[in-house]
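Colleague: Pasting in a structure now, in structure tokens, and then I'll have a few things to ask.
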Amino acid sequence: MRLIATDLVKVFPGVRALDGVTIDLRPGTVHALLGENGAGKSTLIKILTGVHKPDGGTLRLVPDGWQAPGDAAGGAGGRELHFGGPADAQLAGIGVVHQERNLVPAFSVAENIALQRMPRSRGLVDRAAVRRLAQGCLAELEVELDLDRPVAELSVAQMQLVEVAKALATDSRLLLLDEPTSALTSEESDHLYAVVRRLRDQGRIVVLVSHKLEEVFAVADTVTVLRDGRSVARGLALGNLTRSQVVDLMVGRAHADIELGARSVDPRATPALELEAVSTAGGHRDVSLVVRPGEILGLYGLVGAGRSELARAVLGLDTITSGRLLVGGRPVTIGSVGQALREHRIGYVTENRKEEGIFLEQTVSRNVTVTVWDRLARWGVVRDRSEDTVLARYVDRLGIRLSGPRQLAGQLSGGNQQKLSLAKWLAADCAVLIIDEPTVGIDVRTKAAFHELIAELAEGGLAILLISSDLPEVVTLADRIAVMRDHQLVGEVDNDHHYTTMSGRVIRLVHGESQESGAAEAGASETGAPETGTLETGAPRPGVPAA
Amino acid sequence: SKRATPAAGGSATGKTAAQVKVALVPGGPHPYFQPWKGAGVQAKTDFGLGETTFNETSGWDQTKQNDVIKSLAAQGYNAFGIFGVSPDNINSTFTDLEKQGFQVASLASCPAGNKNAAAFCLSTDVESAAYKAAKAAIEAMGGKGNLVHLTGNKVDSNTQRRIVGVQKAVDEAGGKVVLVQTITDIDVDLQSAQKAVADLLAARGKDVQGIVTTAYNPAVAAAAGVKQAGLSTKVVAIDDDKTILAGISDGSVSATVTQNPVGQGYVGSYVLMKLSTGCTMKQPGLVVDSGSFVVTKANVATYDTQRQARTTELKKAFDTDYLSCG
Amino acid sequence: MPDTTTSTASQAEPEAPAPAPVDQRRRGLPWWANPRVGLVAVVVALVAIFSGLRPSFLDVDLTLVPMQADITVFVVVGLAQLAVLSLGHMNLAVPRMAALSAFAAGFTYDKLHAPLVVGLLAALLVGTLVGALAGGIITWTGVNSFVVTLALDFGLLGLVALLYSWFTSGVAFSLHPDGMDALRSDTFNDYCAGPICGPPVPLVVPIAVVALVVVGVLFRFSRLGREILMCGSNARAALLSGIPVSRRVIQAHALSGLLCGLAGWLLAINNGAFSASVGENFLLPSFLAPVLGGTLLAGGAVSVVGTLLGAILNSVIQKGLNLLQFEVDQLQIYIGVVLLVALSLDRVRHVLADRRGVRP
Amino acid sequence: MTLPSLVETAAGPSGPRVRASLRGTEVVLAGLALAAFVVLAVTTGGNLVEPATLRAVFQFLAVPMVIGLSQMVVLAVGQMNLSVGVLTGLTAVAAAALMADRGWPAWLAVLAALVLGLVVGLANGLLVVLTRINGFIITLATMTIISGVRYGINGTGTYQGYSDGLVSLGRASVLGIPTVFLAAVVVAVLVWLFFARAVRGRQLLASGGNPLAARLSGISNDTSLVIAHALSGLLAGVAGVLVLALSGSVNASIGDDLLLPSFAAPIIGGVALAGGVVSVLGTCLAAFIVRLVDVAQAQYNINPRWVDLVVGAVVLGAVLLSQKRIGRGGT
Ligand SMILES: Nc1ncnc2c1ncn2[C@@H]1O[C@H](COP(=O)(O)OP(=O)(O)OP(=O)(O)O)[C@@H](O)[C@H]1O
Ligand SMILES: Nc1ncnc2c1ncn2[C@@H]1O[C@H](COP(=O)(O)OP(=O)(O)OP(=O)(O)O)[C@@H](O)[C@H]1O
Ligand SMILES: [Mg+2]
Ligand SMILES: [Mg+2]
């Protein structure tokens, strides 16, 4: 089967999300769909899967071995598709992993995977078949999960793997993956891409949306690039293109990779934030960290290592059971985010944008100014105009794309939402910023801009604790890299900004010094969270190919 | 400076009978008020009234009732026989209406407290009706034993009066009768009443010799509950809805205390007409007892004659004693 | 007309997103896509129909003045519910918070012989405290507001009955403070300066107007109100944005209690007695007004002007059908049907707007 | 976990440990019910376990159970149904009218009551889907309409003696267990089966738990809504039939006091208002506990003025206890 979309148009209030997109998907290929944040990738995926109805253009399905005998339907032949809803797309053999997580929280892993095609007998769910199906899909991904566990209890990464398994379960000829690896480690991504290649070799079509160009180049065959809702490159063979050519296509102008030099940090300066042998109710033991003004401390680790939880403990959301927390050299106790913000000028950009970072049904301007209302208020009253001034500052600085200050945050593209979630803390004028996975789901240009911005913030004297599972990012930005594993710090290295050397050192730390030490793994899982260990099955590979 | 309130209802007196339009407004839908309909129609033909209507849409909500009354006034009704939803508030409604030049009677229930702002109140003396009912129950119990009182909304002053009436009868029994329990708030719906009766009978069925009910749903529920449980508990009910009368006939209800809704509607309409056509109450706000009658198997066939006599008597009493028509 | 209405409406409060995932607060939509305009249209149409059928619908003393007094109470009742709907919570104890506050007012009048305004303050104070208590229980225990306020309502029901039985001979206070009767029955029309008299507006109306303005300003402009809305929109994000969520929850519930107190006091004034039955029938109207006005049950957005329009609509329907003198069964049926039609018209408007704009 | 328990999240129990919390609530409620029952039995000197008392306890548990389930079914899809109470009344009065006034045989009238419930529920569902108005509001309006119709059938009159057969069946016991209670248990088991095993039931829960995910998985949320409301109506019809069979007399007041209990049972039972989570066992246990409060009132002869205060405290206490236990058990 071959799917051809011609001149697709999709209009949202205030935005032409798609403005004449043509894409030709051929069997046996991995087709990358690239573009900056808000270029229209997710919108295209949603049209291809019947979630949105296009406002113009056609979708055509050409069955295998079709001999177009000048049929009446139109030039390319085949059958024109009109999806009434996602179910129709499924019937047409289209499976999808959407950018947003779409799981039923109270349902088990198995049931979520089987949700689209619930095996049934006489109106009842055939539970054995559900489990078999789910098991099969997870096995294909080489992931082990407790099938009966409600997905609400899973970590973000695990949820994403369930999403992928769910798409596999539909046994579709066309698989659309919208940023499937945004919450995965490089190892997990590698497993996924191995599966993707296998599917391609079976003659299926895989469409891959990703902002991680390294991955795209490693796995995709052809590429379509969207820019401002238009397809500026259609089905080019990726082998003939260089990375910078692709980026140029996406950005629409010549583009230079940003080189970020090392900052000079005064090692004698009073640490802006210091953790002294902190243990928490969440299971951290004796964690000691120091971040100085103007410094970026990278905190690397596998997803689930406990870095986000450490941040929460600093903010007073989790209990610190022993050890000391020092801000600007003075020991403090922090009871709430508000206190952290207003008394100690500590900000936290959450990794969990949708659930914790932004207010989807509120306006963009409120999303940004929520942290500074106490300052904007006169007699307890906040005026829209003063808000808009604040907003305008960060719209420019972060390049947030919006149709106006009253637009709802939920209408922005994923990347722009992420920028909002950062903008609110920039507006708050913090001395210490804890940034958790800032560039998940962010396009290259924005990512570079983000990096530049973070570096700039540090240069401006901000102390930054950068939690990231993106090793190139950490190596690019951090002055020092601390590595966490099973809720403990396992080491800290000075960053020399050389990716090859640094990645080796860091990854060895993550895996307990030496690659083959199975004993260390076992010993660690006795002390830490055993569930998360299941994610790391399979041969550990240092994943990220050098750019 | 304060302007005088205009009399929206026109001049309060000096109308002809045909100009008098009477609205009978109960507190809400309830079997008790159903005879008012017929009584109003009868009054219209008998006294040549311009119009009578019956409107039970208040739904036991004082605010809605005030609304309904004002709407009726806007429709041209100028004399009102009202059962106030909330006896504590109803005087304000009466005062407002009178200020606007309407004739107002408080029917079937008098305002709480000692003051009645309506021209007159023609009602059962609830306390004495409850007292009579309790007396009847005590008699049926053979003058001794445990008595239970089932009634309605506890935050209603009529309920408070009923409780007082029952207590008085019990006190008079001189310790031989014990009021073991008063259950309130079970008149909202029949199921709650049935449930409460079932629980009561389960908890102390054998120790209870008598049940006196002063609200409709509990009465129906108690009659059925006792019959079903096969107990010898004596039930005294309230009013003469056909379900209750059937209970009297088949023995599941020992007695019922009926009131005189027909008399209230009929005589009430009559007096409102008289007041509108130029008569005045000799004693404004007079409270007149419309009568209550204990009905047992013995007089179930004949009590209505007694009641009709009472109605005639009432009308005459107004003509001769309470009204002054110059 | 439409333009001024829309603009004031949209300035006066944050608008509510549509039930569908797509919000109507998009730009480029026709003016009639504003839900408030739809409501105004429905109200105007109904008034036209009713006054056509029954000219007495426009009778000043018997229809319009009492209607204003009713609307006064039910706007405040609606605002009391709206205060917690902003959080995505519910307050099922509205009736009994009002009853308890009315008791407090009655107590000060009857036992302490306090002037009118002191009783009002007592009612507001008691309402606020009970509301804060509800909010406190909700935040401390993490139990759903529905359950907490339901249980609280039961508890207060018993408490109010007990209090009245302790402090009065029955279930009401009989003493009326000075000015209460005037406040109940007078309109500005009764007060004249020379030949010029005021409009036929009951004296209580300005109280509701003040409440409307205060609540409107609170949710539209103030930091406090905005933060409450943020909590309603996404409590976790609010917490992580440094908003003291627990405190805001308590404050929103306290505001709800305060407005319950005001509503209870107003109703007692309107009906003429401080009794245990005050507020009994508040629960459904409390939801009806804000929800008809476009406030979502999900939280995060409220519409104060909509609440006023919702209360007016509700009152117009009641009054009109009363005048048409239906039997009780027909009356109920028609009220339900008119409500459904009024709501569906709003929906039709949405669909049309969507056609003009885009599909969701 | 400070975060989820600190504030109500609009998203419902999407935090961790959904399963554990539901189980926890059920366990706590079961313990509470048992404890309350034992205390009552002991302090009443065994009166509670007399056959007659037990019969009364369980006979009048049937309707609250079914009405709680009726509400639970719509809560499952994140909706509310304010018309359950009046619909119960309507079906009971309508069936009684058919038997008493039209002379229909009991089985046919019962069937008619069930169909009536189903049809009204279906209408609720269709209105919700077609108008896209919140079910809370739709059912508020239909509640008003239904209460008008309920009154219109027989005004203020009470039906009695419509069917001796049906009533004696309703008051009978099988092995000491009241038939109406047995019927309620059968209904509960069917509802449990529906949500635990039936494809439709799972789809309803998926729609309630995450409508977007359900839609993207090819489940029609509209269908789920309609089915949930129809089922809720049907269960209200069942409750109406139970009233009819148990009480022997019905009038237009039936159902007026059922609305709040219909919410209390599922919510105390651990069902999330946001949808996606149901607990049949929890709902039934909660109904039982509320029933025990009634019984205690009668047994102890509690001053009626104190009863509501006590009910409020008990409801809150029950919920608090289960929450606290989860809080401790969870972390
Ligand atoms: N439901 C919607 N309502 C209104 N506007 C929308 C909606 N969905 C998307 N848009 C707009 O359409 C444009 C394209 O968004 P889309 O999500 O397709 O971008 P994307 O390429 O997937 O970006 P990202 O890489 O950030 O995910 C954006 O400007 C976005 O604001
Ligand atoms: N299903 C689960 N049940 C109980 N605890 C869990 C579960 N999944 C994760 N956790 C715990 O919650 C923590 C949060 O997981 P998350 O995936 O957010 O990673 P993190 O360690 O907090 O952050 P990061 O990935 O940034 O290091 C994990 O460290 C783990 O200890
Ligand atoms: Mg996207
Ligand atoms: Mg994390």
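If you're wondering about the labels, chains in the structure tokens are A, B, ... by order shown, residues count from 1 in each chain, ligands from 1 in order shown.
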Hey, what's within 10 Å of Phe80 of chain B if we count only C-alpha atoms and toss same-chain stuff fewer than 3 positions away? As an NGL selection string, please?

Modeller: :B and (21-25 or 52-53 or 69 or 72-73 or 77 or 83 or 94 or 97 or 102-107 or 118 or 268-269 or 272)

Colleague: Which residues sit within 9 Å of ligand 1, counting only C-alpha atoms and all ligand atoms, listed as a PyMOL selection string?

Modeller: (chain A and resi 10-18+34-46+52+99+178-179+209-211+226-229+401-403+408-418+441-443) or (chain C and resi 21-23+26+360)

Colleague: Could you go through segment 53-270 of chain B and tell me which residues DSSP, when run on the backbone, assigns to helix (DSSP H, G or I), listing them as number ranges by chain?

Modeller: B: 62-74, 90-99, 126-140, 157-172, 190-207, 216-229, 242-250, 261-270

Colleague: Can you list, as a VMD selection string, every protein, DNA or RNA residue that comes within 12 Å of Ala119 of chain B when you count only C-alpha atoms, leaving out same-chain residues fewer than 4 positions away?

Modeller: chain B and resid 12 79 to 82 91 94 to 95 97 to 98 101 to 107 110 to 111 115 268 271 to 272 274 to 276 279 to 288 322 to 323

Colleague: Pick out the residues no farther than 12 Å from ligand 4, counting only C-alpha atoms and all ligand atoms, and list them as a PyMOL selection string.

Modeller: chain A and resi 155-157+183-185+299-312+349-353+434-438+440+466-470+484+487

Colleague: Kindly determine which residues of chain C lie within 8 Å of chain B, considering only C-alpha atoms, and give the answer as a PyMOL selection string.

Modeller: chain C and resi 56-57+59+61-63+66-67+70+161+170-172+174+185+189-194+271-273+275-277+281+319+322-323+325+327-328+331

Colleague: Could you please take those selected residues and save N, CA, C and O atoms as a short mmCIF file (atom, residue, chain, number, x, y, z; two decimals), in the first residue's frame?

Modeller:
data_model
loop_
_atom_site.label_atom_id
_atom_site.label_comp_id
_atom_site.auth_asym_id
_atom_site.auth_seq_id
_atom_site.Cartn_x
_atom_site.Cartn_y
_atom_site.Cartn_z
N SER C 56 -49.43 41.33 31.64
CA SER C 56 -49.11 41.60 33.05
C SER C 56 -47.66 41.23 33.37
O SER C 56 -47.17 41.54 34.45
N PHE C 57 -46.98 40.58 32.44
CA PHE C 57 -45.56 40.29 32.66
C PHE C 57 -44.78 41.59 32.85
O PHE C 57 -43.74 41.59 33.50
N ASP C 59 -46.03 44.25 34.34
CA ASP C 59 -46.56 44.98 35.49
C ASP C 59 -45.42 45.29 36.47
O ASP C 59 -44.72 44.38 36.93
N ASP C 61 -45.26 46.70 39.67
CA ASP C 61 -45.31 46.37 41.08
C ASP C 61 -45.43 44.88 41.34
O ASP C 61 -44.90 44.36 42.31
N LEU C 62 -46.17 44.19 40.47
CA LEU C 62 -46.46 42.79 40.76
C LEU C 62 -45.54 41.82 40.06
O LEU C 62 -45.46 40.66 40.42
N THR C 63 -44.87 42.27 39.02
CA THR C 63 -43.98 41.35 38.32
C THR C 63 -42.53 41.82 38.36
O THR C 63 -41.66 41.11 38.87
N PRO C 66 -40.89 42.37 42.18
CA PRO C 66 -40.57 41.10 42.87
C PRO C 66 -39.52 40.29 42.14
O PRO C 66 -38.68 39.63 42.75
N MET C 67 -39.56 40.36 40.79
CA MET C 67 -38.58 39.58 40.03
C MET C 67 -37.16 40.08 40.33
O MET C 67 -36.25 39.27 40.49
N ASP C 70 -36.04 38.70 43.58
CA ASP C 70 -35.64 37.29 43.47
C ASP C 70 -34.28 37.16 42.81
O ASP C 70 -33.42 36.41 43.27
N ALA C 161 -30.81 23.28 63.19
CA ALA C 161 -32.04 22.91 63.91
C ALA C 161 -31.80 22.98 65.41
O ALA C 161 -32.63 23.50 66.17
N GLY C 170 -39.23 28.36 68.70
CA GLY C 170 -39.61 27.48 67.59
C GLY C 170 -38.46 27.30 66.65
O GLY C 170 -37.41 26.78 67.03
N VAL C 171 -38.67 27.69 65.42
CA VAL C 171 -37.61 27.52 64.43
C VAL C 171 -37.30 28.83 63.73
O VAL C 171 -36.83 28.84 62.61
N ALA C 172 -37.60 29.95 64.39
CA ALA C 172 -37.32 31.23 63.75
C ALA C 172 -37.18 32.31 64.80
O ALA C 172 -37.66 32.19 65.91
N SER C 174 -38.28 35.97 65.89
CA SER C 174 -39.48 36.75 65.56
C SER C 174 -39.19 38.24 65.47
O SER C 174 -39.91 38.97 64.82
N SER C 185 -39.52 45.69 51.34
CA SER C 185 -40.67 46.00 50.49
C SER C 185 -40.53 47.30 49.71
O SER C 185 -41.29 47.54 48.80
N ASN C 189 -38.23 53.93 44.06
CA ASN C 189 -39.37 54.73 43.62
C ASN C 189 -40.14 55.32 44.80
O ASN C 189 -40.84 56.30 44.68
N ASP C 190 -40.00 54.69 45.95
CA ASP C 190 -40.70 55.17 47.14
C ASP C 190 -40.01 56.38 47.75
O ASP C 190 -40.53 56.98 48.69
N TYR C 191 -38.85 56.68 47.28
CA TYR C 191 -38.11 57.81 47.85
C TYR C 191 -37.98 58.90 46.80
O TYR C 191 -37.47 58.65 45.71
N CYS C 192 -38.44 60.06 47.12
CA CYS C 192 -38.46 61.11 46.13
C CYS C 192 -37.76 62.35 46.68
O CYS C 192 -37.87 62.66 47.85
N ALA C 193 -37.07 62.99 45.79
CA ALA C 193 -36.55 64.30 46.12
C ALA C 193 -37.36 65.27 45.30
O ALA C 193 -37.16 65.41 44.10
N GLY C 194 -38.30 65.89 45.93
CA GLY C 194 -39.22 66.75 45.19
C GLY C 194 -40.04 65.91 44.23
O GLY C 194 -40.55 64.85 44.61
N ASN C 271 -37.93 37.42 52.50
CA ASN C 271 -39.08 36.64 52.93
C ASN C 271 -39.61 37.09 54.27
O ASN C 271 -40.68 36.69 54.69
N GLY C 272 -38.82 37.86 54.99
CA GLY C 272 -39.36 38.49 56.19
C GLY C 272 -39.08 37.80 57.50
O GLY C 272 -39.63 38.19 58.52
N ALA C 273 -38.26 36.75 57.54
CA ALA C 273 -37.95 36.17 58.84
C ALA C 273 -36.63 35.40 58.79
O ALA C 273 -36.26 34.83 57.76
N SER C 275 -35.23 32.28 59.71
CA SER C 275 -35.72 30.99 60.17
C SER C 275 -34.82 29.87 59.68
O SER C 275 -33.96 30.07 58.82
N ALA C 276 -35.04 28.69 60.23
CA ALA C 276 -34.19 27.55 59.90
C ALA C 276 -34.37 27.11 58.45
O ALA C 276 -33.53 26.40 57.92
N SER C 277 -35.45 27.53 57.84
CA SER C 277 -35.67 27.06 56.48
C SER C 277 -35.00 27.96 55.44
O SER C 277 -35.08 27.68 54.25
N ASN C 281 -33.89 25.84 49.53
CA ASN C 281 -34.03 25.56 48.10
C ASN C 281 -32.94 26.22 47.27
O ASN C 281 -33.14 26.54 46.12
N LYS C 319 -41.22 33.10 36.16
CA LYS C 319 -42.26 34.11 36.24
C LYS C 319 -43.23 33.96 35.09
O LYS C 319 -44.45 33.96 35.28
N ASN C 322 -45.37 30.96 35.47
CA ASN C 322 -46.35 31.21 36.54
C ASN C 322 -47.53 31.99 35.99
O ASN C 322 -48.68 31.68 36.29
N LEU C 323 -47.22 33.02 35.21
CA LEU C 323 -48.29 33.86 34.69
C LEU C 323 -49.17 33.08 33.74
O LEU C 323 -50.35 33.36 33.61
N GLN C 325 -50.07 30.27 34.22
CA GLN C 325 -50.94 29.49 35.11
C GLN C 325 -51.09 28.03 34.68
O GLN C 325 -52.19 27.54 34.46
N GLU C 327 -50.84 23.97 35.40
CA GLU C 327 -50.95 23.06 36.53
C GLU C 327 -49.52 22.69 36.96
O GLU C 327 -48.58 22.83 36.19
N VAL C 328 -49.40 22.14 38.15
CA VAL C 328 -48.05 21.92 38.67
C VAL C 328 -47.25 20.98 37.78
O VAL C 328 -46.07 21.18 37.53
N LEU C 331 -46.32 22.77 34.57
CA LEU C 331 -45.35 23.82 34.87
C LEU C 331 -43.94 23.24 34.90
O LEU C 331 -43.01 23.74 34.26
#

Colleague: Chain A residues within 10 Å of chain D, counting only C-alpha atoms: which ones, as a ChimeraX atom specification?

Modeller: /A:46,49-51,85-91,95-98,100-108,111-127,149-155,166-167,170,281-282,316-319,355

Colleague: With a distance cut-off of 12 Å and only C-alpha atoms, select the neighbouring residues of Val126 of chain B, excluding the residue or stretch itself and same-chain residues fewer than 3 positions from it, and output the selection as an MDAnalysis selection string.

Modeller: chainID B and resid 108:112 122:123 129:133 157:166 214:215 238:239 257:260 288:292

Colleague: Give me every strand (DSSP E or B) residue in segment 97-309 of chain D, going by DSSP on the backbone, as number ranges by chain.

Modeller: D: 158-160, 173-174, 177-178, 198, 249-251

Colleague: Keeping only C-alpha atoms, take the residues you just selected and write them out as a PDB file, in the first residue's frame.

Modeller:
ATOM      1  CA  THR D 158     -51.210   7.170  46.453  1.00  0.00           C
ATOM      2  CA  TYR D 159     -51.523   3.833  44.677  1.00  0.00           C
ATOM      3  CA  GLN D 160     -52.088   0.802  46.822  1.00  0.00           C
ATOM      4  CA  SER D 173     -37.362 -13.973  51.550  1.00  0.00           C
ATOM      5  CA  VAL D 174     -35.316 -16.786  50.106  1.00  0.00           C
ATOM      6  CA  ILE D 177     -32.581 -13.170  52.466  1.00  0.00           C
ATOM      7  CA  PRO D 178     -35.117 -10.650  51.205  1.00  0.00           C
ATOM      8  CA  ALA D 198     -17.592  -6.679  28.794  1.00  0.00           C
ATOM      9  CA  SER D 249     -47.839   1.823  48.051  1.00  0.00           C
ATOM     10  CA  VAL D 250     -46.330   4.472  45.795  1.00  0.00           C
ATOM     11  CA  ASN D 251     -47.012   8.100  45.055  1.00  0.00           C
TER      12      ASN D 251
END

Colleague: Kindly give the distance, in Å, that separates atom CA of Asp286 of chain A and atom 25 (O, counted along the ligand's line) of ligand 2, rounded to a single decimal.

Modeller: 18.7 Å

Colleague: Quick one: which residues from chain C are at most 6 Å off chain A, using only C-alpha atoms, as a ChimeraX atom specification?

Modeller: /C:221-223,234,236-237,240,242-243

Colleague: Can you work out which residues from chain B touch chain D at a cut-off of 9 Å (counting only C-alpha atoms) and hand them back as a PyMOL selection string?

Modeller: chain B and resi 29-32+34+154+180-185+187-192+194-196+198-204+217+220-221+224-225+229+241-243
